[in-house]
Structure formats: structure tokens, C-alpha cells
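First comes the structure, then the notes that go with it.
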Amino acid sequence: MTTCSVCRNIKWTKVYRIKDWDIERCDVCGFAKIDPPPARESRPEFYSEEKVIGRNIKRLSGPQRFSRMMKGAFKKITGQDKSGIFYHKLSRYLSAGAEILDIGCGDGSFLDLAKRRFNCTGIEISEYLGSMAARRAGIRIVTGDFFTADLGPGKFDGITLISLLEHLDRPEAAVKKCFDLLKPGGVLLIKTVNYGCVNRVIKKENWTGFRVPDHVVYFNPSNLKRLLEMTGFSRLKTSAWPFSDNMYCDAWK
């Protein structure tokens with residue numbers, strides 16, 4: 001019997017069926033997950049060069065095309081992309097020269113921007129993406145599993161989880177490790193899909209946030225806040241628009 005990562009409840013309701021997976025929602029806190037979860041040892045293979053390139057050239061569904069169009073419109077209106085949003089947040093919160101860790105850094109594009117002001121480290125489970133990130137000068141890249149990597153406790157002033165939390169089948173362990181890696185007063189910046197958004201309610205199993213088996217867990221603002229507070233984060237700032245598929249949370253140790 002599966003225990004909820006947030007509230008430790010063991011009762012679940014099956015809400016959707018997508019391909020070979022059920023989407024189950026915790027009856028107490030509303031945290032959701034896929035069932036059955038993919039084997040953990042298969043995760044590196046999921047981000048192999050062949051799989052990454054294949055997903056990038058695959059024809060997008062209607063909801064995915066709409067989501068990409070909305071992201072493009074947001075970038076045009078605000079003049080900022082995802083990397084820019086996180087860079088400007090860190091610049092407001094931290095001094096120049098601060099130690100930054102980007103978990104699931106991909107090809108290193110965010111760190112390539114952040115290195116203008118900060119000392120940057122990235123960790124990436126994909127050897128293919130990690131090798132691309134390592135070609136960028138001025139950043140340190142660790143290739144491997146975040147859960148088992150020895151990155152040093154209390155080392156970082158800021159940590160970013162940019163569109164990563166939904167990929168992790170042990171989100172409570174990931175958040176706890178982030179807490180331990182931060183210096184006192186350090187900040188964790190999160191962007192993840194928002195299961196509580198109106199779009200999911202309207203589109204149901206066609207919601208663009210459901211990317212099984214890649215996305216394995218789903219938070220709403222309330223249960224994400226609960227998990228962070230339970231872990232020990234003392235101050236939180238959450239941004240979640242009703243019609244946005246994503247939400248942001250800044251959490252201070």
C-alpha cells in the first residue's frame with residue numbers, strides 16, 4: 001500500500017486513466033501520482049540521447065501546442081523566459097558570488113545565464129544532457145542521480161528545481177536533501193506543474209501537465225506548502241495563477 005509523500009495517508013482515489021497508468025489522488029491532502037510508478041533504475045535510460053532527441057521531434061498534441069503558444073506569449077509580454085525568471089529572483093535574494101545549485105540542469109542553459117553573477121553547480125542524471133552542459137565554460141557539472149550524489153551539506157546559498165519536482169517519485173526526500181544542502185537563510189526556488197489549476201479541471205486527462213510516465217507526481221499550492229513546512233522551511237512565497245499549468249514557490253531555510 002502506497003503512503004502519501006505529504007500527509008502519510010494510505011487511501012487514494014483513481015481519478016484518470018492515461019495510456020497504461022492511473023492518476024491517483026490522496027483522499028486527505030490532494031497530492032496526486034501515477035500508478036504504477038516507473039522503475040527507478042529506468043530513469044537514466046529515459047534521458048538517453050536517443051530518448052531526448054525523440055521527444056523533441058515528436059509531434060505535439062493539441063494541448064501541448066497550446067501550452068507552448070502560451071509560454072511564447074508570456075515570454076513576449078514579459079521579456080523573460082524561464083531562465084530569466086529564476087536568474088532575476090536569485091539576483092534579488094542573494095549577493096553576487098553566492099553558491100548556486102541547479103538540480104536537473106539539462107543542457108546547462110540556465111546556469112550559463114546565472115554564472116554572470118553566481119558560482120554555479122549543476123547536477124544532471126542524463127549523460128547526454130550533462131555532457132552538453134559540461135561544454136559550457138564557468139560552471140561545474142556533476143552527472144548522476146541527485147539522491148545519491150555527495151554534494152556537501154550546507155554548501156549552497158540557492159538551489160533551483162526548475163520543472164523537475166514532477167519527475168521525482170520521492171519528492172519528500174528531494175525536498176529534504178535540498179534543505180540539508182542549503183546554508184542557513186538559503187533559498188529553494190521551485191517551478192512545477194499545478195494539479196490545482198483550472199486547466200486540469202477542464203481538460204481532465206487531456207491536461208498538458210499529464211506527461212506519463214515522465215511526470216510521476218503532482219502538487220497543488222496547498223500540499224506543496226505543507227511539504228515544505230514539514231521539512232523545515234520557515235518562509236514561503238507561492239505564485240499560482242488559476243489558468244496557468246505551472247506554479248512557483250520560493251522557500252527559505
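Here, A, B, ... name the chains of the C-alpha cells in the order displayed, residue numbers run from 1 inside each chain, and ligands are numbered from 1 in the same displayed order.
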Given only C-alpha atoms, how would the per-residue table for segment 122-226 of chain A near segment 16-24 of chain A read, listing every residue at most 8 Å away with its closest atom pair and distance in Å to one decimal, sorted by chain and number, as JSON lines?
{"residue": "A:Lys204", "atom": "CA", "partner": "A:Tyr16", "partner_atom": "CA", "distance": 7.6}
{"residue": "A:Glu205", "atom": "CA", "partner": "A:Tyr16", "partner_atom": "CA", "distance": 5.9}
{"residue": "A:Val212", "atom": "CA", "partner": "A:Trp21", "partner_atom": "CA", "distance": 7.4}
{"residue": "A:Pro213", "atom": "CA", "partner": "A:Trp21", "partner_atom": "CA", "distance": 7.8}
When you look at Cys178 of chain A with a cut-off of 8 Å (counting only C-alpha atoms), what residues show up, excluding the ones that are within fewer than 4 positions of it in the same chain? I need them as number ranges by chain. A: 159, 174, 182, 188
Excluding segment 100-102 of chain A and residues on its chain fewer than 5 positions from it, collect all residues at most 12 Å away from it, counting only C-alpha atoms, and give them as a VMD selection string. chain A and resid 83 86 to 87 90 to 91 93 to 95 107 to 124 133 139 to 142 146 151 to 152 154 to 164 178 181 to 183 186 to 190
With N, CA and C atoms retained, export the selected residues as a short mmCIF file (atom, residue, chain, number, x, y, z; two decimals), in the first residue's frame.
data_model
loop_
_atom_site.label_atom_id
_atom_site.label_comp_id
_atom_site.auth_asym_id
_atom_site.auth_seq_id
_atom_site.Cartn_x
_atom_site.Cartn_y
_atom_site.Cartn_z
N SER A 83 14.53 30.78 -17.70
CA SER A 83 15.83 31.03 -17.11
C SER A 83 15.91 32.44 -16.54
N PHE A 86 14.17 32.88 -13.08
CA PHE A 86 14.92 32.36 -11.94
C PHE A 86 16.19 33.17 -11.69
N TYR A 87 16.83 33.63 -12.74
CA TYR A 87 18.03 34.45 -12.56
C TYR A 87 17.70 35.75 -11.82
N LEU A 90 16.97 35.06 -8.07
CA LEU A 90 18.20 34.84 -7.32
C LEU A 90 18.97 36.15 -7.13
N SER A 91 18.94 37.00 -8.13
CA SER A 91 19.65 38.28 -8.04
C SER A 91 19.02 39.19 -6.98
N TYR A 93 17.44 37.97 -4.26
CA TYR A 93 17.54 37.33 -2.95
C TYR A 93 18.98 37.17 -2.45
N LEU A 94 19.95 37.05 -3.37
CA LEU A 94 21.30 36.68 -3.00
C LEU A 94 22.33 37.67 -3.52
N SER A 95 23.45 37.71 -2.84
CA SER A 95 24.55 38.59 -3.25
C SER A 95 25.35 37.96 -4.39
N ASP A 107 20.82 20.90 -20.30
CA ASP A 107 22.00 21.26 -21.11
C ASP A 107 22.76 22.45 -20.53
N GLY A 108 22.35 22.92 -19.35
CA GLY A 108 23.09 24.00 -18.68
C GLY A 108 22.71 25.40 -19.09
N SER A 109 21.60 25.56 -19.82
CA SER A 109 21.26 26.89 -20.33
C SER A 109 20.97 27.89 -19.21
N PHE A 110 20.29 27.45 -18.13
CA PHE A 110 20.04 28.37 -17.02
C PHE A 110 21.34 28.77 -16.34
N LEU A 111 22.21 27.80 -16.08
CA LEU A 111 23.48 28.10 -15.41
C LEU A 111 24.38 28.98 -16.26
N ASP A 112 24.26 28.86 -17.57
CA ASP A 112 25.04 29.71 -18.46
C ASP A 112 24.67 31.18 -18.28
N LEU A 113 23.41 31.43 -17.92
CA LEU A 113 22.98 32.78 -17.59
C LEU A 113 23.37 33.14 -16.16
N ALA A 114 23.14 32.24 -15.23
CA ALA A 114 23.38 32.52 -13.81
C ALA A 114 24.85 32.76 -13.48
N LYS A 115 25.76 32.21 -14.29
CA LYS A 115 27.19 32.36 -13.99
C LYS A 115 27.67 33.80 -14.13
N ARG A 116 26.86 34.65 -14.74
CA ARG A 116 27.23 36.07 -14.82
C ARG A 116 27.39 36.68 -13.44
N ARG A 117 26.64 36.13 -12.46
CA ARG A 117 26.62 36.73 -11.13
C ARG A 117 26.99 35.75 -10.02
N PHE A 118 26.82 34.44 -10.26
CA PHE A 118 26.96 33.46 -9.19
C PHE A 118 27.98 32.38 -9.53
N ASN A 119 28.43 31.66 -8.48
CA ASN A 119 29.24 30.47 -8.66
C ASN A 119 28.28 29.29 -8.83
N CYS A 120 28.35 28.61 -9.95
CA CYS A 120 27.28 27.70 -10.35
C CYS A 120 27.71 26.25 -10.43
N THR A 121 26.85 25.38 -9.87
CA THR A 121 26.99 23.94 -9.97
C THR A 121 25.67 23.37 -10.49
N GLY A 122 25.76 22.38 -11.35
CA GLY A 122 24.56 21.71 -11.84
C GLY A 122 24.71 20.21 -11.70
N ILE A 123 23.61 19.51 -11.46
CA ILE A 123 23.62 18.06 -11.47
C ILE A 123 22.56 17.57 -12.44
N GLU A 124 22.91 16.57 -13.24
CA GLU A 124 22.03 16.08 -14.30
C GLU A 124 22.16 14.56 -14.41
N ALA A 133 26.00 20.28 -21.03
CA ALA A 133 26.18 21.32 -20.02
C ALA A 133 27.66 21.51 -19.69
N ILE A 139 31.05 26.76 -15.33
CA ILE A 139 30.10 26.10 -14.44
C ILE A 139 30.61 24.68 -14.15
N ARG A 140 30.27 24.18 -12.97
CA ARG A 140 30.66 22.82 -12.56
C ARG A 140 29.47 21.91 -12.75
N ILE A 141 29.68 20.79 -13.44
CA ILE A 141 28.60 19.85 -13.72
C ILE A 141 28.91 18.49 -13.10
N VAL A 142 27.94 17.96 -12.38
CA VAL A 142 28.01 16.61 -11.84
C VAL A 142 26.97 15.77 -12.58
N PHE A 146 20.72 12.66 -8.29
CA PHE A 146 20.72 13.65 -7.21
C PHE A 146 20.57 12.98 -5.85
N LEU A 151 27.09 16.06 -2.52
CA LEU A 151 27.31 17.44 -2.92
C LEU A 151 27.77 18.33 -1.77
N GLY A 152 27.81 17.76 -0.56
CA GLY A 152 28.29 18.52 0.59
C GLY A 152 27.18 19.24 1.32
N GLY A 154 25.07 21.87 3.63
CA GLY A 154 25.18 23.29 3.97
C GLY A 154 26.10 24.08 3.07
N LYS A 155 26.16 23.71 1.80
CA LYS A 155 27.14 24.32 0.90
C LYS A 155 26.57 25.45 0.06
N PHE A 156 25.25 25.45 -0.19
CA PHE A 156 24.69 26.34 -1.22
C PHE A 156 23.82 27.44 -0.62
N ASP A 157 23.89 28.61 -1.25
CA ASP A 157 23.05 29.74 -0.87
C ASP A 157 21.69 29.67 -1.56
N GLY A 158 21.67 29.08 -2.74
CA GLY A 158 20.43 28.97 -3.51
C GLY A 158 20.39 27.67 -4.29
N ILE A 159 19.21 27.05 -4.35
CA ILE A 159 19.01 25.82 -5.12
C ILE A 159 17.77 26.01 -5.99
N THR A 160 17.86 25.53 -7.22
CA THR A 160 16.72 25.63 -8.13
C THR A 160 16.25 24.24 -8.55
N LEU A 161 14.92 24.06 -8.51
CA LEU A 161 14.24 22.88 -9.05
C LEU A 161 13.30 23.39 -10.13
N ILE A 162 13.81 23.51 -11.33
CA ILE A 162 13.06 24.11 -12.43
C ILE A 162 12.42 23.01 -13.27
N SER A 163 11.11 22.88 -13.15
CA SER A 163 10.37 21.84 -13.88
C SER A 163 10.97 20.46 -13.65
N LEU A 164 11.30 20.17 -12.39
CA LEU A 164 11.91 18.89 -12.05
C LEU A 164 11.11 18.09 -11.03
N CYS A 178 17.42 18.97 -0.40
CA CYS A 178 17.64 20.38 -0.71
C CYS A 178 17.81 21.20 0.57
N LEU A 181 21.21 20.68 1.98
CA LEU A 181 22.28 21.25 1.16
C LEU A 181 22.38 22.76 1.29
N LEU A 182 21.30 23.39 1.75
CA LEU A 182 21.29 24.86 1.85
C LEU A 182 22.01 25.33 3.12
N LYS A 183 22.66 26.49 3.00
CA LYS A 183 23.17 27.19 4.17
C LYS A 183 22.00 27.79 4.94
N GLY A 186 19.40 30.16 3.30
CA GLY A 186 19.41 29.89 1.87
C GLY A 186 18.00 29.73 1.33
N VAL A 187 17.88 29.81 -0.01
CA VAL A 187 16.56 29.78 -0.63
C VAL A 187 16.47 28.67 -1.68
N LEU A 188 15.32 27.99 -1.68
CA LEU A 188 14.99 26.98 -2.68
C LEU A 188 13.92 27.54 -3.59
N LEU A 189 14.18 27.54 -4.90
CA LEU A 189 13.23 28.05 -5.88
C LEU A 189 12.67 26.86 -6.68
N ILE A 190 11.34 26.77 -6.72
CA ILE A 190 10.68 25.64 -7.37
C ILE A 190 9.73 26.13 -8.45
#
Determine, counting only C-alpha atoms, which protein, DNA and RNA residues have an atom within 9 Å of an atom of Pro38 of chain A; residues of the same chain fewer than 6 positions away are not included. Present the result as a ChimeraX atom specification. /A:169,213-214,216
What is the atom CA of Asp245 of chain A to atom CA of Asn220 of chain A distance in Å?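 Taking atom CA of Asp245 of chain A as the start and atom CA of Asn220 of chain A as the end point, the length is 10.5 Å.
The coordinates place atom CA of Ile34 of chain A at 25.5 Å from atom CA of Phe179 of chain A.
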Residues within 10 Å of Trp241 of chain A, only C-alpha atoms, excluding chain neighbours under 5 positions, as an mmCIF file with N, CA and C atoms, in the first residue's frame:
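selection19.cif was written with the following content:
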data_model
loop_
_atom_site.group_PDB
_atom_site.id
_atom_site.type_symbol
_atom_site.label_atom_id
_atom_site.label_comp_id
_atom_site.auth_asym_id
_atom_site.auth_seq_id
_atom_site.Cartn_x
_atom_site.Cartn_y
_atom_site.Cartn_z
ATOM 1 N N ASN A 194 0.984 22.556 -11.764
ATOM 2 C CA ASN A 194 -0.013 22.832 -10.722
ATOM 3 C C ASN A 194 -1.254 21.972 -10.943
ATOM 4 N N GLY A 196 -3.702 21.785 -9.151
ATOM 5 C CA GLY A 196 -4.889 22.514 -8.714
ATOM 6 C C GLY A 196 -5.405 23.548 -9.694
ATOM 7 N N CYS A 197 -4.794 23.664 -10.863
ATOM 8 C CA CYS A 197 -5.194 24.715 -11.803
ATOM 9 C C CYS A 197 -6.528 24.399 -12.480
ATOM 10 N N VAL A 198 -7.195 25.442 -12.955
ATOM 11 C CA VAL A 198 -8.482 25.299 -13.628
ATOM 12 C C VAL A 198 -8.332 24.505 -14.924
ATOM 13 N N ASN A 246 1.396 25.858 -14.462
ATOM 14 C CA ASN A 246 2.552 25.766 -13.573
ATOM 15 C C ASN A 246 2.388 26.680 -12.366
ATOM 16 N N MET A 247 3.170 26.387 -11.340
ATOM 17 C CA MET A 247 3.211 27.258 -10.173
ATOM 18 C C MET A 247 4.663 27.405 -9.718
ATOM 19 N N TYR A 248 4.899 28.471 -8.971
ATOM 20 C CA TYR A 248 6.234 28.782 -8.461
ATOM 21 C C TYR A 248 6.177 28.868 -6.940
#
Could you state the separation of atom CA of Gly185 of chain A and atom CA of His167 of chain A in Å, given to one decimal place?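 Between atom CA of Gly185 of chain A and atom CA of His167 of chain A the gap works out to 26.6 Å.
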Give the alpha helix (DSSP H) residues of segment 120-192 of chain A, as assigned by DSSP on the backbone, as a list in words. Glu127, Tyr128, Leu129, Gly130, Ser131, Met132, Ala133, Ala134, Pro171, Glu172, Ala173, Ala174, Val175, Lys176, Lys177, Cys178, Phe179, Asp180 and Leu181 of chain A
Expected file: the selected residues, N, CA and C atoms, as a PDB file, in the first residue's frame:
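What landed in again24.pdb:
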ATOM      1  N   GLU A 127      23.444  11.469 -19.056  1.00  0.00           N
ATOM      2  CA  GLU A 127      24.821  11.651 -19.519  1.00  0.00           C
ATOM      3  C   GLU A 127      24.864  12.518 -20.770  1.00  0.00           C
ATOM      4  N   TYR A 128      23.868  12.361 -21.618  1.00  0.00           N
ATOM      5  CA  TYR A 128      23.805  13.145 -22.856  1.00  0.00           C
ATOM      6  C   TYR A 128      23.662  14.639 -22.552  1.00  0.00           C
ATOM      7  N   LEU A 129      22.662  15.004 -21.748  1.00  0.00           N
ATOM      8  CA  LEU A 129      22.464  16.410 -21.413  1.00  0.00           C
ATOM      9  C   LEU A 129      23.601  16.941 -20.546  1.00  0.00           C
ATOM     10  N   GLY A 130      24.085  16.110 -19.625  1.00  0.00           N
ATOM     11  CA  GLY A 130      25.196  16.534 -18.779  1.00  0.00           C
ATOM     12  C   GLY A 130      26.447  16.863 -19.580  1.00  0.00           C
ATOM     13  N   SER A 131      26.706  16.093 -20.625  1.00  0.00           N
ATOM     14  CA  SER A 131      27.879  16.360 -21.465  1.00  0.00           C
ATOM     15  C   SER A 131      27.719  17.682 -22.210  1.00  0.00           C
ATOM     16  N   MET A 132      26.487  18.014 -22.598  1.00  0.00           N
ATOM     17  CA  MET A 132      26.239  19.301 -23.245  1.00  0.00           C
ATOM     18  C   MET A 132      26.472  20.442 -22.268  1.00  0.00           C
ATOM     19  N   ALA A 133      25.999  20.275 -21.030  1.00  0.00           N
ATOM     20  CA  ALA A 133      26.182  21.315 -20.017  1.00  0.00           C
ATOM     21  C   ALA A 133      27.662  21.508 -19.692  1.00  0.00           C
ATOM     22  N   ALA A 134      28.418  20.403 -19.659  1.00  0.00           N
ATOM     23  CA  ALA A 134      29.836  20.468 -19.290  1.00  0.00           C
ATOM     24  C   ALA A 134      30.669  21.231 -20.310  1.00  0.00           C
ATOM     25  N   PRO A 171       9.425  12.901  -3.838  1.00  0.00           N
ATOM     26  CA  PRO A 171       9.570  14.356  -3.689  1.00  0.00           C
ATOM     27  C   PRO A 171       9.915  14.792  -2.279  1.00  0.00           C
ATOM     28  N   GLU A 172       9.420  14.053  -1.271  1.00  0.00           N
ATOM     29  CA  GLU A 172       9.737  14.411   0.105  1.00  0.00           C
ATOM     30  C   GLU A 172      11.227  14.255   0.398  1.00  0.00           C
ATOM     31  N   ALA A 173      11.848  13.219  -0.172  1.00  0.00           N
ATOM     32  CA  ALA A 173      13.285  13.010   0.011  1.00  0.00           C
ATOM     33  C   ALA A 173      14.084  14.073  -0.731  1.00  0.00           C
ATOM     34  N   ALA A 174      13.591  14.478  -1.914  1.00  0.00           N
ATOM     35  CA  ALA A 174      14.275  15.512  -2.684  1.00  0.00           C
ATOM     36  C   ALA A 174      14.253  16.849  -1.949  1.00  0.00           C
ATOM     37  N   VAL A 175      13.098  17.209  -1.410  1.00  0.00           N
ATOM     38  CA  VAL A 175      12.977  18.478  -0.680  1.00  0.00           C
ATOM     39  C   VAL A 175      13.836  18.453   0.584  1.00  0.00           C
ATOM     40  N   LYS A 176      13.849  17.309   1.276  1.00  0.00           N
ATOM     41  CA  LYS A 176      14.687  17.195   2.485  1.00  0.00           C
ATOM     42  C   LYS A 176      16.157  17.334   2.139  1.00  0.00           C
ATOM     43  N   LYS A 177      16.598  16.734   1.042  1.00  0.00           N
ATOM     44  CA  LYS A 177      18.008  16.856   0.671  1.00  0.00           C
ATOM     45  C   LYS A 177      18.337  18.291   0.293  1.00  0.00           C
ATOM     46  N   CYS A 178      17.420  18.975  -0.397  1.00  0.00           N
ATOM     47  CA  CYS A 178      17.642  20.381  -0.715  1.00  0.00           C
ATOM     48  C   CYS A 178      17.808  21.202   0.567  1.00  0.00           C
ATOM     49  N   PHE A 179      16.959  20.940   1.540  1.00  0.00           N
ATOM     50  CA  PHE A 179      17.037  21.643   2.833  1.00  0.00           C
ATOM     51  C   PHE A 179      18.415  21.437   3.459  1.00  0.00           C
ATOM     52  N   ASP A 180      18.897  20.205   3.449  1.00  0.00           N
ATOM     53  CA  ASP A 180      20.192  19.897   4.054  1.00  0.00           C
ATOM     54  C   ASP A 180      21.349  20.525   3.284  1.00  0.00           C
ATOM     55  N   LEU A 181      21.206  20.675   1.975  1.00  0.00           N
ATOM     56  CA  LEU A 181      22.281  21.246   1.156  1.00  0.00           C
ATOM     57  C   LEU A 181      22.381  22.759   1.285  1.00  0.00           C
TER      58      LEU A 181
END
Can you list every residue in segment 111-146 of chain A that DSSP puts in strand (DSSP E), as a PyMOL selection string? chain A and resi 119-124+139-143
Dump N, CA and C atoms for the selected residues as a PDB file, in the first residue's frame?
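That gives us selection-v7.pdb:
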ATOM      1  N   ASN A 119      28.431  31.665  -8.482  1.00  0.00           N
ATOM      2  CA  ASN A 119      29.238  30.465  -8.657  1.00  0.00           C
ATOM      3  C   ASN A 119      28.277  29.291  -8.825  1.00  0.00           C
ATOM      4  N   CYS A 120      28.351  28.610  -9.950  1.00  0.00           N
ATOM      5  CA  CYS A 120      27.280  27.700 -10.350  1.00  0.00           C
ATOM      6  C   CYS A 120      27.712  26.245 -10.431  1.00  0.00           C
ATOM      7  N   THR A 121      26.852  25.379  -9.866  1.00  0.00           N
ATOM      8  CA  THR A 121      26.994  23.937  -9.971  1.00  0.00           C
ATOM      9  C   THR A 121      25.674  23.370 -10.490  1.00  0.00           C
ATOM     10  N   GLY A 122      25.760  22.384 -11.354  1.00  0.00           N
ATOM     11  CA  GLY A 122      24.558  21.705 -11.836  1.00  0.00           C
ATOM     12  C   GLY A 122      24.712  20.212 -11.703  1.00  0.00           C
ATOM     13  N   ILE A 123      23.608  19.514 -11.465  1.00  0.00           N
ATOM     14  CA  ILE A 123      23.621  18.058 -11.466  1.00  0.00           C
ATOM     15  C   ILE A 123      22.559  17.572 -12.441  1.00  0.00           C
ATOM     16  N   GLU A 124      22.913  16.565 -13.241  1.00  0.00           N
ATOM     17  CA  GLU A 124      22.034  16.084 -14.305  1.00  0.00           C
ATOM     18  C   GLU A 124      22.157  14.565 -14.408  1.00  0.00           C
ATOM     19  N   ILE A 139      31.047  26.762 -15.332  1.00  0.00           N
ATOM     20  CA  ILE A 139      30.103  26.096 -14.436  1.00  0.00           C
ATOM     21  C   ILE A 139      30.606  24.680 -14.153  1.00  0.00           C
ATOM     22  N   ARG A 140      30.272  24.180 -12.967  1.00  0.00           N
ATOM     23  CA  ARG A 140      30.661  22.818 -12.563  1.00  0.00           C
ATOM     24  C   ARG A 140      29.469  21.906 -12.752  1.00  0.00           C
ATOM     25  N   ILE A 141      29.675  20.785 -13.443  1.00  0.00           N
ATOM     26  CA  ILE A 141      28.597  19.847 -13.718  1.00  0.00           C
ATOM     27  C   ILE A 141      28.910  18.492 -13.098  1.00  0.00           C
ATOM     28  N   VAL A 142      27.939  17.962 -12.384  1.00  0.00           N
ATOM     29  CA  VAL A 142      28.008  16.612 -11.840  1.00  0.00           C
ATOM     30  C   VAL A 142      26.973  15.772 -12.578  1.00  0.00           C
ATOM     31  N   THR A 143      27.409  14.659 -13.164  1.00  0.00           N
ATOM     32  CA  THR A 143      26.481  13.763 -13.853  1.00  0.00           C
ATOM     33  C   THR A 143      26.165  12.586 -12.938  1.00  0.00           C
TER      34      THR A 143
END
Identify, on the basis of only C-alpha atoms, every residue whose closest approach to segment 227-230 of chain A does not exceed 10 Å; exclude the query and any residue fewer than 3 positions from it along the same chain; express the result as a PyMOL selection string. chain A and resi 5-7+171-172+175-176+179+188+219+222-224+233-236+249-253
Produce a file of the selected residues containing N, CA and C atoms, as a compact mmCIF listing (two decimals), in the first residue's frame.
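Contents of selection.txt, freshly written:
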# COMPACT_ATOMS: atom_id res chain seq x y z
N SER A 5 3.26 11.08 0.04
CA SER A 5 4.53 11.76 0.32
C SER A 5 4.34 12.99 1.21
N VAL A 6 3.13 13.52 1.26
CA VAL A 6 2.88 14.75 2.02
C VAL A 6 2.31 14.46 3.40
N CYS A 7 1.19 13.72 3.45
CA CYS A 7 0.46 13.58 4.72
C CYS A 7 0.50 12.18 5.31
N PRO A 171 9.43 12.90 -3.84
CA PRO A 171 9.57 14.36 -3.69
C PRO A 171 9.92 14.79 -2.28
N GLU A 172 9.42 14.05 -1.27
CA GLU A 172 9.74 14.41 0.11
C GLU A 172 11.23 14.26 0.40
N VAL A 175 13.10 17.21 -1.41
CA VAL A 175 12.98 18.48 -0.68
C VAL A 175 13.84 18.45 0.58
N LYS A 176 13.85 17.31 1.28
CA LYS A 176 14.69 17.19 2.48
C LYS A 176 16.16 17.33 2.14
N PHE A 179 16.96 20.94 1.54
CA PHE A 179 17.04 21.64 2.83
C PHE A 179 18.42 21.44 3.46
N LEU A 188 15.32 27.99 -1.68
CA LEU A 188 14.99 26.98 -2.68
C LEU A 188 13.92 27.54 -3.59
N PHE A 219 1.54 18.24 -7.50
CA PHE A 219 1.19 19.03 -6.33
C PHE A 219 0.19 20.12 -6.68
N SER A 222 -1.36 24.17 -1.98
CA SER A 222 -1.57 23.86 -0.56
C SER A 222 -0.70 22.70 -0.09
N ASN A 223 -0.69 21.59 -0.83
CA ASN A 223 0.09 20.46 -0.33
C ASN A 223 1.59 20.63 -0.57
N LEU A 224 1.98 21.43 -1.57
CA LEU A 224 3.40 21.74 -1.71
C LEU A 224 3.87 22.58 -0.53
N PHE A 233 11.32 24.41 6.16
CA PHE A 233 11.43 25.74 5.56
C PHE A 233 10.55 26.71 6.34
N SER A 234 11.11 27.89 6.64
CA SER A 234 10.47 28.80 7.58
C SER A 234 9.63 29.89 6.93
N ARG A 235 9.94 30.22 5.69
CA ARG A 235 9.21 31.29 5.00
C ARG A 235 8.97 30.87 3.56
N LEU A 236 7.73 31.06 3.09
CA LEU A 236 7.36 30.61 1.75
C LEU A 236 6.67 31.72 0.99
N CYS A 249 7.24 28.43 -6.31
CA CYS A 249 7.34 28.56 -4.86
C CYS A 249 8.78 28.86 -4.47
N ASP A 250 8.96 29.89 -3.65
CA ASP A 250 10.27 30.26 -3.10
C ASP A 250 10.23 29.94 -1.61
N ALA A 251 11.20 29.17 -1.13
CA ALA A 251 11.20 28.71 0.25
C ALA A 251 12.55 28.97 0.89
N TRP A 252 12.53 29.59 2.07
CA TRP A 252 13.76 29.94 2.76
C TRP A 252 14.01 29.02 3.95
N LYS A 253 15.26 28.64 4.14
CA LYS A 253 15.66 27.79 5.27
C LYS A 253 15.82 28.66 6.51
Excluding Glu166 of chain A and its own-chain neighbours fewer than 3 positions away, which residues fall within 6 Å of it when counting only C-alpha atoms? Please give them as JSON, numbers by chain. {"A": [215, 216, 217, 218]}
Can you spit out the residues from that selection as a PDB file, in the first residue's frame, using N, CA and C atoms?
ATOM      1  N   HIS A 215       6.194  12.557 -16.025  1.00  0.00           N
ATOM      2  CA  HIS A 215       5.729  13.230 -14.811  1.00  0.00           C
ATOM      3  C   HIS A 215       5.085  12.188 -13.908  1.00  0.00           C
ATOM      4  N   VAL A 216       5.600  12.054 -12.693  1.00  0.00           N
ATOM      5  CA  VAL A 216       5.126  10.977 -11.817  1.00  0.00           C
ATOM      6  C   VAL A 216       4.386  11.479 -10.585  1.00  0.00           C
ATOM      7  N   VAL A 217       4.557  12.748 -10.205  1.00  0.00           N
ATOM      8  CA  VAL A 217       3.849  13.301  -9.045  1.00  0.00           C
ATOM      9  C   VAL A 217       3.304  14.681  -9.386  1.00  0.00           C
ATOM     10  N   TYR A 218       2.234  15.065  -8.671  1.00  0.00           N
ATOM     11  CA  TYR A 218       1.526  16.312  -8.973  1.00  0.00           C
ATOM     12  C   TYR A 218       1.087  16.989  -7.675  1.00  0.00           C
TER      13      TYR A 218
END
